[in-house]
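File shown: my_file.txt (compact mmCIF, C-alpha atoms).
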```txt
# COMPACT_ATOMS: atom_id res chain seq x y z
CA MET L 69 -30.79 2.77 -3.68
CA ASP L 70 -29.99 -0.84 -4.55
CA PHE L 71 -27.43 -2.34 -6.94
CA SER L 72 -30.36 -3.38 -9.15
CA ASP L 73 -31.01 0.33 -9.78
CA LEU L 74 -27.56 0.83 -11.36
CA GLY L 75 -28.07 -1.13 -14.59
CA LEU L 76 -25.91 -4.14 -13.74
CA SER L 77 -26.50 -7.55 -15.31
CA ALA L 78 -27.97 -10.49 -13.42
CA GLU L 79 -24.56 -12.19 -13.12
CA LEU L 80 -22.99 -9.11 -11.55
CA LEU L 81 -25.95 -8.52 -9.24
CA GLU L 82 -25.48 -12.07 -8.01
CA ALA L 83 -21.78 -11.29 -7.50
CA THR L 84 -22.65 -8.30 -5.30
CA ARG L 85 -24.85 -10.54 -3.15
CA THR L 86 -22.12 -13.18 -2.94
CA GLU L 87 -19.60 -10.54 -1.84
CA GLY L 88 -22.00 -9.36 0.86
CA PHE L 89 -22.69 -5.94 -0.65
CA ASP L 90 -25.98 -4.62 0.74
CA THR L 91 -26.32 -1.17 -0.78
CA PRO L 92 -23.93 0.77 -3.05
CA THR L 93 -21.41 3.07 -1.42
CA PRO L 94 -21.44 6.70 -2.63
CA ILE L 95 -18.59 6.09 -5.09
CA GLN L 96 -20.30 2.96 -6.45
CA ALA L 97 -23.67 4.66 -6.82
CA GLN L 98 -22.14 7.46 -8.87
CA ALA L 99 -19.34 5.69 -10.75
CA ILE L 100 -21.12 2.55 -11.97
CA PRO L 101 -23.73 4.31 -14.17
CA THR L 102 -21.09 6.74 -15.43
CA VAL L 103 -18.74 3.95 -16.54
CA LEU L 104 -21.58 1.92 -18.05
CA GLU L 105 -22.51 4.94 -20.18
CA GLY L 106 -18.95 5.10 -21.53
CA HIS L 107 -17.92 8.44 -20.05
CA ASP L 108 -14.40 9.31 -18.92
CA LEU L 109 -14.26 9.74 -15.15
CA LEU L 110 -12.22 11.64 -12.58
CA ALA L 111 -13.11 10.40 -9.11
CA SER L 112 -11.76 11.35 -5.69
CA ALA L 113 -12.04 8.33 -3.41
CA GLN L 114 -9.69 6.73 -0.93
CA THR L 115 -8.98 3.02 -0.58
CA GLY L 116 -11.73 1.47 1.54
CA THR L 117 -14.62 3.38 -0.05
CA GLY L 118 -15.56 0.58 -2.43
CA LYS L 119 -13.99 2.17 -5.51
CA THR L 120 -12.72 -1.14 -6.94
CA ALA L 121 -16.29 -2.35 -7.36
CA GLY L 122 -17.13 1.14 -8.59
CA PHE L 123 -15.03 0.61 -11.71
CA GLY L 124 -14.61 -3.19 -11.73
CA LEU L 125 -18.31 -4.12 -11.99
CA PRO L 126 -19.16 -1.83 -14.93
CA ILE L 127 -15.92 -2.72 -16.76
CA LEU L 128 -16.80 -6.41 -16.49
CA GLN L 129 -20.25 -5.70 -17.90
CA ARG L 130 -18.98 -3.60 -20.80
CA LEU L 131 -16.30 -6.11 -21.78
CA ASN L 132 -18.70 -9.03 -21.55
CA ARG L 133 -20.69 -7.50 -24.42
CA GLY L 134 -17.71 -7.52 -26.80
CA LYS L 135 -15.29 -9.97 -28.34
CA PRO L 136 -12.70 -11.75 -26.15
CA ALA L 137 -9.13 -10.50 -26.22
CA ALA L 138 -6.95 -11.74 -29.06
CA ARG L 139 -3.48 -13.20 -28.60
CA ARG L 140 -1.17 -10.88 -26.58
CA GLN L 141 -3.83 -8.17 -26.57
CA VAL L 142 -5.36 -6.41 -23.56
CA ARG L 143 -8.87 -4.97 -23.59
CA SER L 144 -8.83 -3.15 -20.22
CA LEU L 145 -5.84 -2.07 -18.15
CA VAL L 146 -5.80 -1.10 -14.48
CA LEU L 147 -2.53 0.58 -13.48
CA ALA L 148 -1.73 0.40 -9.76
CA PRO L 149 1.24 1.91 -7.89
CA THR L 150 2.13 -1.10 -5.71
CA ARG L 151 2.22 -4.88 -5.85
CA GLU L 152 -0.15 -5.21 -2.90
CA LEU L 153 -2.75 -2.92 -4.43
CA ALA L 154 -2.50 -4.68 -7.80
CA ALA L 155 -2.98 -8.06 -6.14
CA GLN L 156 -5.96 -6.84 -4.13
CA VAL L 157 -7.66 -5.23 -7.14
CA GLY L 158 -7.02 -8.33 -9.23
CA LYS L 159 -8.57 -10.63 -6.63
CA ASN L 160 -11.63 -8.41 -6.27
CA ILE L 161 -12.27 -8.17 -10.01
CA ALA L 162 -11.75 -11.91 -10.47
CA ASP L 163 -14.31 -12.54 -7.72
CA TYR L 164 -16.83 -10.12 -9.22
CA GLY L 165 -16.48 -11.70 -12.66
CA ALA L 166 -16.36 -15.35 -11.58
CA ALA L 167 -19.52 -16.17 -13.58
CA LEU L 168 -18.35 -14.37 -16.74
CA PRO L 169 -16.12 -15.81 -19.51
CA LEU L 170 -13.52 -13.05 -19.13
CA ARG L 171 -9.80 -13.49 -18.49
CA THR L 172 -8.24 -11.47 -15.68
CA GLN L 173 -4.50 -11.33 -14.96
CA VAL L 174 -2.29 -9.50 -12.45
CA ILE L 175 1.34 -8.69 -13.23
CA PHE L 176 3.98 -6.99 -11.08
CA GLY L 177 7.67 -7.23 -10.34
CA GLY L 178 9.41 -9.16 -7.61
CA VAL L 179 8.20 -12.54 -8.89
CA GLY L 180 9.06 -14.67 -11.91
CA GLN L 181 7.59 -13.40 -15.15
CA ASN L 182 7.05 -16.73 -16.96
CA PRO L 183 3.51 -17.40 -15.64
CA GLN L 184 2.60 -13.81 -16.47
CA VAL L 185 3.99 -14.18 -20.00
CA GLU L 186 2.02 -17.39 -20.57
CA ALA L 187 -1.20 -15.70 -19.48
CA LEU L 188 -0.54 -12.71 -21.74
CA LYS L 189 0.02 -14.96 -24.75
CA ARG L 190 -3.60 -16.08 -24.60
CA GLY L 191 -4.87 -12.50 -24.43
CA VAL L 192 -6.29 -10.80 -21.34
CA ASP L 193 -9.61 -9.03 -20.99
CA ILE L 194 -8.67 -7.20 -17.78
CA LEU L 195 -5.02 -6.70 -16.89
CA ILE L 196 -4.04 -5.25 -13.51
CA ALA L 197 -0.40 -4.17 -13.50
CA THR L 198 2.31 -2.04 -11.97
CA PRO L 199 3.94 0.23 -14.56
CA GLY L 200 7.51 -1.08 -14.34
CA ARG L 201 6.79 -4.75 -15.01
CA LEU L 202 4.26 -3.86 -17.72
CA LEU L 203 6.82 -1.79 -19.61
CA ASP L 204 9.39 -4.57 -19.28
CA LEU L 205 7.01 -7.15 -20.73
CA HIS L 206 6.00 -4.83 -23.55
CA GLN L 207 9.63 -4.22 -24.46
CA GLN L 208 10.07 -8.00 -24.65
CA GLY L 209 7.11 -8.24 -27.03
CA HIS L 210 4.78 -10.08 -24.66
CA VAL L 211 1.92 -7.59 -24.46
CA ASP L 212 -0.02 -5.51 -26.99
CA LEU L 213 -1.94 -2.43 -25.82
CA SER L 214 -2.92 -1.20 -29.29
CA GLN L 215 -6.52 -2.44 -28.93
CA LEU L 216 -7.09 -1.20 -25.39
CA GLU L 217 -10.70 -0.20 -24.74
CA ILE L 218 -10.62 1.00 -21.10
CA LEU L 219 -7.77 2.44 -19.01
CA VAL L 220 -7.95 2.86 -15.22
CA LEU L 221 -5.37 4.80 -13.19
CA ASP L 222 -5.94 3.66 -9.62
CA GLU L 223 -4.53 5.81 -6.80
CA ALA L 224 -3.19 8.22 -9.37
CA ASP L 225 -1.93 10.62 -6.71
CA ARG L 226 0.40 7.95 -5.32
CA MET L 227 1.54 7.06 -8.85
CA LEU L 228 2.69 10.64 -9.34
CA ASP L 229 4.18 10.77 -5.87
CA MET L 230 6.26 7.65 -6.60
CA GLY L 231 7.60 9.15 -9.82
CA PHE L 232 5.62 7.00 -12.26
CA ILE L 233 4.60 9.91 -14.49
CA HIS L 234 7.27 9.08 -17.09
CA ASP L 235 6.24 5.41 -17.18
CA ILE L 236 2.59 6.42 -17.52
CA ARG L 237 3.37 8.69 -20.47
CA ARG L 238 5.36 5.92 -22.17
CA LEU L 239 2.44 3.53 -21.72
CA LEU L 240 -0.07 6.04 -23.06
CA ARG L 241 1.86 6.21 -26.31
CA LEU L 242 1.28 2.46 -26.75
CA MET L 243 -2.51 2.81 -26.52
CA PRO L 244 -5.12 3.83 -29.10
CA PRO L 245 -6.22 7.46 -28.81
CA LYS L 246 -9.87 6.47 -28.62
CA ARG L 247 -10.60 4.67 -25.36
CA GLN L 248 -12.43 5.18 -22.08
CA ASN L 249 -10.28 6.60 -19.26
CA LEU L 250 -11.03 6.33 -15.55
CA MET L 251 -8.86 8.08 -12.97
CA PHE L 252 -9.15 7.56 -9.22
CA SER L 253 -7.25 9.63 -6.67
CA ALA L 254 -7.46 10.30 -2.94
CA THR L 255 -7.08 14.03 -3.64
CA PHE L 256 -7.69 16.49 -6.46
CA SER L 257 -4.26 18.09 -6.20
CA ASN L 258 -2.91 20.47 -8.83
CA ASP L 259 -0.75 17.67 -10.26
CA ILE L 260 -3.78 15.38 -10.54
CA GLN L 261 -5.80 18.10 -12.24
CA ALA L 262 -2.96 18.65 -14.73
CA LEU L 263 -2.75 14.92 -15.53
CA ALA L 264 -6.52 14.74 -15.88
CA ARG L 265 -6.48 17.51 -18.50
CA GLN L 266 -3.95 15.53 -20.53
CA LEU L 267 -5.62 12.15 -20.14
CA LEU L 268 -9.37 12.58 -19.88
CA ASP L 269 -11.90 13.63 -22.51
CA ASP L 270 -14.78 15.70 -21.09
CA PRO L 271 -14.83 13.64 -17.89
CA LYS L 272 -17.56 13.32 -15.33
CA GLN L 273 -16.22 14.30 -11.90
CA ILE L 274 -17.07 12.58 -8.62
CA ASP L 275 -15.80 13.73 -5.24
CA VAL L 276 -16.66 11.43 -2.34
CA ALA L 277 -13.40 12.03 -0.46
CA PRO L 278 -13.08 15.75 0.26
CA ARG L 279 -9.51 16.87 -0.17
CA ASN L 280 -7.19 16.58 2.80
CA THR L 281 -9.80 15.55 5.36
CA THR L 282 -9.54 12.79 7.97
CA ALA L 283 -12.24 10.31 8.83
CA ASP L 284 -14.69 11.20 11.60
CA ARG L 285 -14.67 7.61 12.86
CA ILE L 286 -10.95 7.69 13.66
CA GLU L 287 -9.79 8.79 17.09
CA GLN L 288 -6.48 10.61 16.60
CA ILE L 289 -4.03 10.87 19.49
CA VAL L 290 -0.48 12.21 19.81
CA TYR L 291 1.83 10.80 22.46
CA GLN L 292 4.68 13.19 23.20
CA VAL L 293 7.88 11.26 23.88
CA ASP L 294 11.66 11.51 23.46
CA ARG L 295 13.05 9.99 20.29
CA ASP L 296 15.05 7.30 22.13
CA LYS L 297 12.00 6.16 24.11
CA LYS L 298 9.66 5.62 21.19
CA ARG L 299 10.33 1.88 20.88
CA ASP L 300 9.80 1.33 24.61
CA LEU L 301 6.59 3.37 24.56
CA LEU L 302 5.20 1.49 21.57
CA ALA L 303 5.88 -1.88 23.19
CA HIS L 304 4.32 -0.62 26.42
CA LEU L 305 1.16 0.61 24.71
CA VAL L 306 0.74 -2.57 22.66
CA GLN L 307 1.06 -4.79 25.72
CA SER L 308 -0.68 -2.68 28.39
CA GLN L 309 -3.64 -1.75 26.17
CA GLN L 310 -3.78 -5.18 24.53
CA TRP L 311 -3.65 -3.83 21.00
CA TYR L 312 -3.97 -6.38 18.22
CA GLN L 313 -3.60 -5.99 14.45
CA VAL L 314 -1.49 -2.86 14.72
CA LEU L 315 -0.17 -1.31 11.50
CA VAL L 316 2.92 0.76 12.31
CA PHE L 317 4.49 3.26 9.90
CA THR L 318 8.18 4.10 9.87
CA ARG L 319 10.01 6.57 7.71
CA THR L 320 12.69 4.21 6.38
CA LYS L 321 13.14 0.55 5.45
CA HIS L 322 15.99 0.17 7.94
CA GLY L 323 13.81 1.63 10.67
CA ALA L 324 11.03 -0.82 9.84
CA ASN L 325 13.40 -3.80 10.06
CA ARG L 326 14.92 -2.66 13.33
CA LEU L 327 11.56 -1.93 14.97
CA ALA L 328 10.05 -5.28 13.94
CA GLU L 329 13.10 -7.10 15.29
CA GLN L 330 12.99 -5.26 18.63
CA LEU L 331 9.27 -5.84 19.10
CA SER L 332 9.70 -9.55 18.37
CA LYS L 333 12.39 -9.74 21.07
CA ARG L 334 9.78 -8.42 23.51
CA SER L 335 7.38 -11.27 22.64
CA ILE L 336 5.28 -9.06 20.37
CA PRO L 337 4.92 -10.90 17.02
CA ALA L 338 6.02 -8.38 14.40
CA MET L 339 7.26 -8.36 10.80
CA ALA L 340 8.29 -5.61 8.38
CA ILE L 341 7.27 -5.03 4.77
CA HIS L 342 8.97 -2.63 2.40
CA GLY L 343 10.42 -2.43 -1.09
CA ASN L 344 13.56 -4.42 -0.26
CA LYS L 345 11.56 -7.43 0.92
CA SER L 346 10.84 -10.16 -1.60
CA GLN L 347 7.30 -10.43 -2.84
CA GLY L 348 6.98 -13.79 -1.12
CA ALA L 349 8.03 -12.32 2.23
CA ARG L 350 5.62 -9.42 1.83
CA THR L 351 2.75 -11.74 0.93
CA ARG L 352 3.44 -14.03 3.90
CA ALA L 353 3.65 -11.13 6.33
CA LEU L 354 0.44 -9.56 5.06
CA GLY L 355 -1.36 -12.91 5.12
CA ALA L 356 -0.33 -13.58 8.72
CA PHE L 357 -1.40 -10.07 9.68
CA LYS L 358 -4.84 -10.42 8.11
CA THR L 359 -5.49 -13.74 9.86
CA GLY L 360 -4.42 -12.34 13.23
CA ASP L 361 -1.37 -14.59 13.57
CA LEU L 362 0.84 -11.49 13.38
CA GLN L 363 0.15 -8.80 15.96
CA VAL L 364 2.19 -5.93 14.47
CA LEU L 365 2.96 -5.15 10.84
CA VAL L 366 5.66 -2.49 10.40
CA ALA L 367 5.60 -0.80 7.00
CA THR L 368 6.93 2.07 4.97
CA ASP L 369 4.47 4.30 3.13
CA ILE L 370 5.03 2.73 -0.28
CA ALA L 371 4.66 -0.85 0.93
CA ALA L 372 1.46 -0.08 2.84
CA ARG L 373 -0.25 1.76 0.01
CA GLY L 374 -3.34 -0.16 -1.07
CA LEU L 375 -3.41 -2.55 1.89
CA ASP L 376 -7.04 -3.53 2.33
CA ILE L 377 -7.51 -4.96 5.82
CA GLN L 378 -11.09 -5.17 7.02
CA GLN L 379 -11.79 -3.52 10.39
CA LEU L 380 -8.15 -2.70 11.14
CA PRO L 381 -8.41 -1.21 14.65
CA TYR L 382 -5.04 0.54 15.11
CA VAL L 383 -2.62 2.57 13.03
CA VAL L 384 0.53 3.93 14.64
CA ASN L 385 2.80 6.62 13.23
CA PHE L 386 6.10 5.60 14.80
CA ASP L 387 7.63 8.36 12.65
CA LEU L 388 5.54 11.23 11.35
CA PRO L 389 5.63 11.48 7.55
CA ASN L 390 7.67 14.26 5.99
CA VAL L 391 4.75 15.09 3.70
CA ALA L 392 1.59 16.01 5.58
CA GLU L 393 -0.77 14.46 3.02
CA ASP L 394 0.73 11.05 3.79
CA TYR L 395 -0.70 11.31 7.30
CA VAL L 396 -4.19 11.26 5.81
CA HIS L 397 -3.32 8.24 3.66
CA ARG L 398 -1.81 6.39 6.61
CA ILE L 399 -4.64 6.78 9.07
CA GLY L 400 -7.13 5.97 6.30
CA ARG L 401 -6.09 2.32 6.75
CA THR L 402 -8.40 2.23 9.81
CA GLY L 403 -11.97 3.35 10.46
CA ARG L 404 -13.34 1.75 7.30
CA ALA L 405 -16.74 0.38 6.36
CA GLY L 406 -18.46 2.06 9.30
CA SER L 407 -16.07 0.68 11.94
CA GLN L 408 -14.20 2.72 14.53
CA GLY L 409 -10.42 3.10 14.50
CA GLU L 410 -7.56 4.69 16.40
CA ALA L 411 -4.60 6.53 14.92
CA ILE L 412 -1.74 7.02 17.35
CA SER L 413 1.31 9.16 16.61
CA LEU L 414 4.51 9.00 18.65
CA VAL L 415 5.98 12.47 18.30
CA CYS L 416 9.35 13.71 19.53
CA ILE L 417 10.68 17.26 19.52
CA ASP L 418 12.36 16.69 16.14
CA GLU L 419 8.92 16.33 14.55
CA ALA L 420 7.28 19.46 15.99
CA GLN L 421 7.13 21.20 12.61
CA LEU L 422 5.84 18.06 10.87
CA LEU L 423 3.02 17.91 13.42
CA LYS L 424 2.17 21.57 12.79
CA ASN L 425 2.03 20.87 9.05
CA ILE L 426 -0.38 17.98 9.59
CA GLU L 427 -2.66 20.02 11.82
CA ARG L 428 -2.65 22.85 9.31
CA LEU L 429 -3.59 20.39 6.58
CA ILE L 430 -6.48 18.76 8.48
CA LYS L 431 -7.56 22.11 9.92
CA GLY L 432 -7.63 20.90 13.50
CA SER L 433 -5.54 20.17 16.58
CA LEU L 434 -4.71 16.62 17.62
CA GLU L 435 -5.13 15.54 21.22
CA ARG L 436 -1.82 15.43 23.12
CA ARG L 437 -1.07 12.83 25.77
CA VAL L 438 1.92 11.92 27.91
CA GLU L 439 2.18 8.35 29.15
CA PRO L 440 3.39 8.10 32.79
CA GLY L 441 6.98 6.90 32.83
CA PHE L 442 7.64 8.22 29.32
CA GLU L 443 7.54 11.96 29.95
CA PRO L 444 9.64 13.88 27.40
CA ASP L 445 12.72 15.77 28.57
CA PRO L 446 11.77 19.48 28.68
CA ASN L 447 15.38 20.39 27.88
CA ALA L 448 15.65 18.17 24.81
CA VAL L 449 16.99 19.86 21.65
CA ALA L 450 15.57 19.11 18.24
CA GLN L 451 17.81 17.32 15.75
CA PRO L 452 17.50 17.25 11.95
CA ILE L 453 15.48 14.37 10.55
CA GLU L 454 17.73 12.34 8.28
CA ASN L 455 16.86 9.86 5.57
CA GLY L 456 13.38 11.26 5.33
CA ARG L 457 11.36 11.45 2.19
CA ARG L 458 11.98 14.58 0.22
CA SER L 459 9.20 17.13 0.36
CA GLY L 460 9.38 18.29 -3.24
CA LYS L 461 6.53 18.23 -5.72
CA ALA L 462 4.87 14.91 -6.25
CA GLY L 463 6.19 13.22 -9.31
CA ALA L 464 9.05 15.67 -9.69
CA GLY L 465 12.61 14.63 -10.21
CA LYS L 466 14.12 11.51 -11.65
CA ARG L 467 12.35 8.25 -12.26
CA PRO L 468 12.45 5.95 -9.21
CA ASP L 469 14.60 2.86 -9.04
CA ARG L 470 12.87 -0.36 -9.93
CA ASP L 471 12.68 -1.17 -6.23
CA THR L 472 10.35 1.76 -5.72
CA ALA L 473 8.55 0.95 -8.95
CA ASN L 474 7.85 -2.58 -7.74
CA ASN L 475 10.27 -4.15 -10.14
CA LYS L 476 13.88 -5.23 -10.26
CA PRO L 477 16.41 -2.84 -8.76
CA ARG L 478 18.59 -1.01 -11.14
CA ARG L 479 22.26 -1.86 -11.28
CA ARG L 480 24.37 1.13 -10.44
CA ARG L 481 27.78 1.43 -12.02
CA ARG L 482 30.59 2.41 -9.74
CA SER L 483 32.60 5.29 -11.02
CA ARG L 484 36.11 4.49 -12.20
CA SER L 485 37.55 6.82 -9.60
CA ARG L 486 35.70 4.98 -6.84
CA ASN L 487 36.94 1.64 -8.15
CA ARG L 488 40.50 2.94 -8.18
CA GLN L 489 40.12 4.15 -4.60
CA ARG L 490 38.77 0.79 -3.50
CA SER L 491 41.60 -1.01 -5.30
CA SER L 492 44.29 1.17 -3.78
CA SER L 493 42.85 0.66 -0.31
CA GLY L 494 42.88 -3.14 -0.71
CA GLN L 495 39.09 -3.52 -0.68
CA ASN L 496 38.76 -5.33 -4.04
```
I'd like the structure from this file rewritten - as structure tokens, please.
Amino acid sequence: MDFSDLGLSAELLEATRTEGFDTPTPIQAQAIPTVLEGHDLLASAQTGTGKTAGFGLPILQRLNRGKPAARRQVRSLVLAPTRELAAQVGKNIADYGAALPLRTQVIFGGVGQNPQVEALKRGVDILIATPGRLLDLHQQGHVDLSQLEILVLDEADRMLDMGFIHDIRRLLRLMPPKRQNLMFSATFSNDIQALARQLLDDPKQIDVAPRNTTADRIEQIVYQVDRDKKRDLLAHLVQSQQWYQVLVFTRTKHGANRLAEQLSKRSIPAMAIHGNKSQGARTRALGAFKTGDLQVLVATDIAARGLDIQQLPYVVNFDLPNVAEDYVHRIGRTGRAGSQGEAISLVCIDEAQLLKNIERLIKGSLERRVEPGFEPDPNAVAQPIENGRRSGKAGAGKRPDRDTANNKPRRRRRSRSRNRQRSSSGQN
């Protein structure tokens, strides 16, 4: 099959050639005709499968047939869970539609809103946004979703996992009831199925990413090590095996900062990205990592979601995730587009149950190794894992702080009793 078989216009076929697309990926081959026909869609596809072109190309074609967006209005909206994913999707769609007279804009928190507001004033054909900033700009009267034609929920499973369900419902109330809805998720979990029933109208369903499976092209290895030797082992492996472009996952923001600092002291160029970093710092770190100037990028799960790095060779789980499904998301950063990848997990006795949960999920055992000089203490006693992500239902609980929602952090009021205690202790 060729892209010319999918019903795309000459301008978009030229864009596929310019982008170096040879033949459609499975998600593109199935999604593009479905979207062009105007159907709602529920698709299971992970980042790296070509799903952005799968919805971006047909959306561009459909919008190009209609009238341009009026002042403050949006014709198509792509909701993304993170700043990095929104930026990546926005760049891809802008590239695909370079020859078309359509306006594309990306908005997210962490940066000044004035340029975003100016772009919205003129009207936007395709808006790519994180939910928090979009709601803020709507409340200020800068954006009108009442004429929306097409809605895309990208990485919907992560949106629910990050607690965006309330924001999504608020945004849906601002949209016309008649529109085309496209939902993309790495898994068809029960929560995703429930949201799909609320959102989609007689959708076509595509499953090109079987639920809770790991890529065949990724070699997965577990190094057993004591918790206090993990940093030394990671530095040893990076240097002795000459790893480059290594994406390392930690459980907490503090852990990411500390690990990046300690690797840098060992002459291993490393930087951390997470929700507390400014957008400028995150963009610089990611840019240096993509060009190869930065050897190690240390990230939390939320910050790394949606990172699109071509031919990333190594992913390291410095800490195992508390939720087993996140293991699949993490290692999916490597082994893309037909390339080989390695996923290395440094596992201490504290994480024995987390490892069992992962192996139960992927229905297989991971290869265990012990690096000479880093043998774990056979008498070590497991300790509780603190500051880990809660393992409750995805999307359950209270709405996340704006930091998690890729927007400004909320101000927390100190209780009067706490203020009185601080005053009496001479801290004010």
**OP:** Tell me which protein, DNA and RNA residues are within 9 Å of stretch 319-335 of chain L, counting all atoms listed in the file, leaving out same-chain ones fewer than 4 positions away, and put them as a list in words.
**Re:**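 Counting all atoms listed in the file, the residues come to Arg299, Leu302, Ala303, Met339, Ala340, Ile341, His342, Gly343, Asn344, Val364, Leu365, Val366, Ala367, Thr368, Asp369, Phe386, Asp387, Leu388, Pro389, Asn390, Asn455, Gly456 and Arg457 of chain L.
With all atoms listed in the file as the atoms that count, the residue of L:Glu105, L:Leu76, L:Arg401, L:Ser413 with the shortest distance to L:Gln129 is L:Leu76.
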**OP:** Please provide as an NGL selection string all residues within 6 Å of L:Leu213, with the sequence filter that same-chain residues fewer than 5 positions apart are discarded (counting all atoms listed in the file).
**Re:** :L and (142 or 242-243)
Subject >> Closest of L:Ile95, L:Gln363, L:Arg285, L:Thr117 to L:Gln307 - atom-to-atom distances counting all atoms listed in the file >> reply: L:Gln363
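Residues in contact range of stretch 263-267 of chain L, defined as at most 8 Å between only C-alpha atoms, with sequence neighbours fewer than 3 positions away removed, read Leu110, Asn249, Met251, Asp259 and Ile260 of chain L.
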**OP:** Quick one: everything within 7 Å of L:Asp193, counting all atoms listed in the file, minus sequence neighbours fewer than 4 positions away in the same chain. Send it as number ranges by chain.
**Re:** L: 136-137, 142-144, 170-172
Subject >> Residues within 7 Å of stretch 440-446 of chain L, all atoms listed in the file, excluding chain neighbours under 3 positions, as a PyMOL selection string >> reply: chain L and resi 292-294+301
Original post:
Pick the closest to L:Ile236 from L:Ile417, L:Ile399, L:Val179, L:Leu145: which is it, counting all atoms listed in the file?
Top reply: L:Leu145
**OP:** Give the answer as one residue: which of L:Met69, L:Leu239, L:Val146, L:Val276 has the shortest atom-to-atom distance to L:Ala99, using all atoms listed in the file?
**Re:**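 Closest candidate: L:Val276.
Distance annotation: of L:Trp311, L:Phe256, L:Phe176, L:Phe71, the residue with the minimal separation from L:Gly409 is L:Trp311; atom set is all atoms listed in the file.
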Give the centre and edge lengths of an axis-aligned box, in Å to one decimal, that holds all listed atoms of stretch 300-309 of chain L with 6 Å on each side, as JSON.
```
{"center_x": 3.1, "center_y": -0.7, "center_z": 25.0, "size_x": 25.4, "size_y": 20.2, "size_z": 18.8}
```
**OP:** Give the answer as one residue: which of L:Gln288, L:Ser346, L:Ser433, L:Thr102 has the shortest atom-to-atom distance to L:Ile412, using only C-alpha atoms?
**Re:**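 Going through L:Gln288, L:Ser346, L:Ser433, L:Thr102 one by one, the smallest distance to L:Ile412 is for L:Gln288.
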**OP:** May I ask for the distance between atom CA of L:Glu439 and atom CA of L:Tyr291, given in Å to one decimal place?
**Re:**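 Pair atom CA of L:Glu439 / atom CA of L:Tyr291 returns 7.1 Å.
Here atom CA of L:Pro244 is placed at a distance of 19.9 Å from atom CA of L:Ala148.
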**OP:** Could you pull out every residue with an atom within 12 Å of (7.3, -1.6, -20.1), file coordinates, counting all atoms listed in the file, and send them as a VMD selection string?
**Re:** chain L and resid 175 to 177 197 to 213 232 234 to 242 470 473 475
Working from the structure I just supplied, which lacks atoms in stretch 324-337 of chain L, can you model N, CA and C atoms there and output them as a CSV table (one decimal), keeping the file's coordinate frame?
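Contents of rebuild.csv, as written:
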```
chain,number,residue,atom,x,y,z
L,324,ALA,N,12.1,0.2,9.8
L,324,ALA,CA,11.0,-0.8,9.8
L,324,ALA,C,11.6,-2.2,10.3
L,325,ASN,N,12.7,-2.5,9.7
L,325,ASN,CA,13.4,-3.8,10.1
L,325,ASN,C,13.8,-3.8,11.5
L,326,ARG,N,14.4,-2.7,11.9
L,326,ARG,CA,14.9,-2.7,13.3
L,326,ARG,C,13.8,-2.7,14.3
L,327,LEU,N,12.7,-2.0,14.0
L,327,LEU,CA,11.6,-1.9,15.0
L,327,LEU,C,10.9,-3.3,15.1
L,328,ALA,N,10.7,-4.0,13.9
L,328,ALA,CA,10.0,-5.3,13.9
L,328,ALA,C,10.9,-6.3,14.7
L,329,GLU,N,12.2,-6.2,14.6
L,329,GLU,CA,13.1,-7.1,15.3
L,329,GLU,C,13.0,-6.9,16.8
L,330,GLN,N,13.0,-5.6,17.2
L,330,GLN,CA,13.0,-5.3,18.6
L,330,GLN,C,11.7,-5.6,19.3
L,331,LEU,N,10.6,-5.4,18.5
L,331,LEU,CA,9.3,-5.8,19.1
L,331,LEU,C,9.2,-7.4,19.3
L,332,SER,N,9.7,-8.1,18.3
L,332,SER,CA,9.7,-9.6,18.4
L,332,SER,C,10.5,-10.0,19.6
L,333,LYS,N,11.6,-9.4,19.9
L,333,LYS,CA,12.4,-9.7,21.1
L,333,LYS,C,11.6,-9.5,22.4
L,334,ARG,N,10.6,-8.7,22.3
L,334,ARG,CA,9.8,-8.4,23.5
L,334,ARG,C,8.5,-9.3,23.5
L,335,SER,N,8.5,-10.3,22.7
L,335,SER,CA,7.4,-11.3,22.6
L,335,SER,C,6.1,-10.6,22.0
L,336,ILE,N,6.4,-9.7,21.1
L,336,ILE,CA,5.3,-9.1,20.4
L,336,ILE,C,5.5,-9.5,18.9
L,337,PRO,N,4.7,-10.4,18.4
L,337,PRO,CA,4.9,-10.9,17.0
L,337,PRO,C,4.8,-9.7,16.0
```
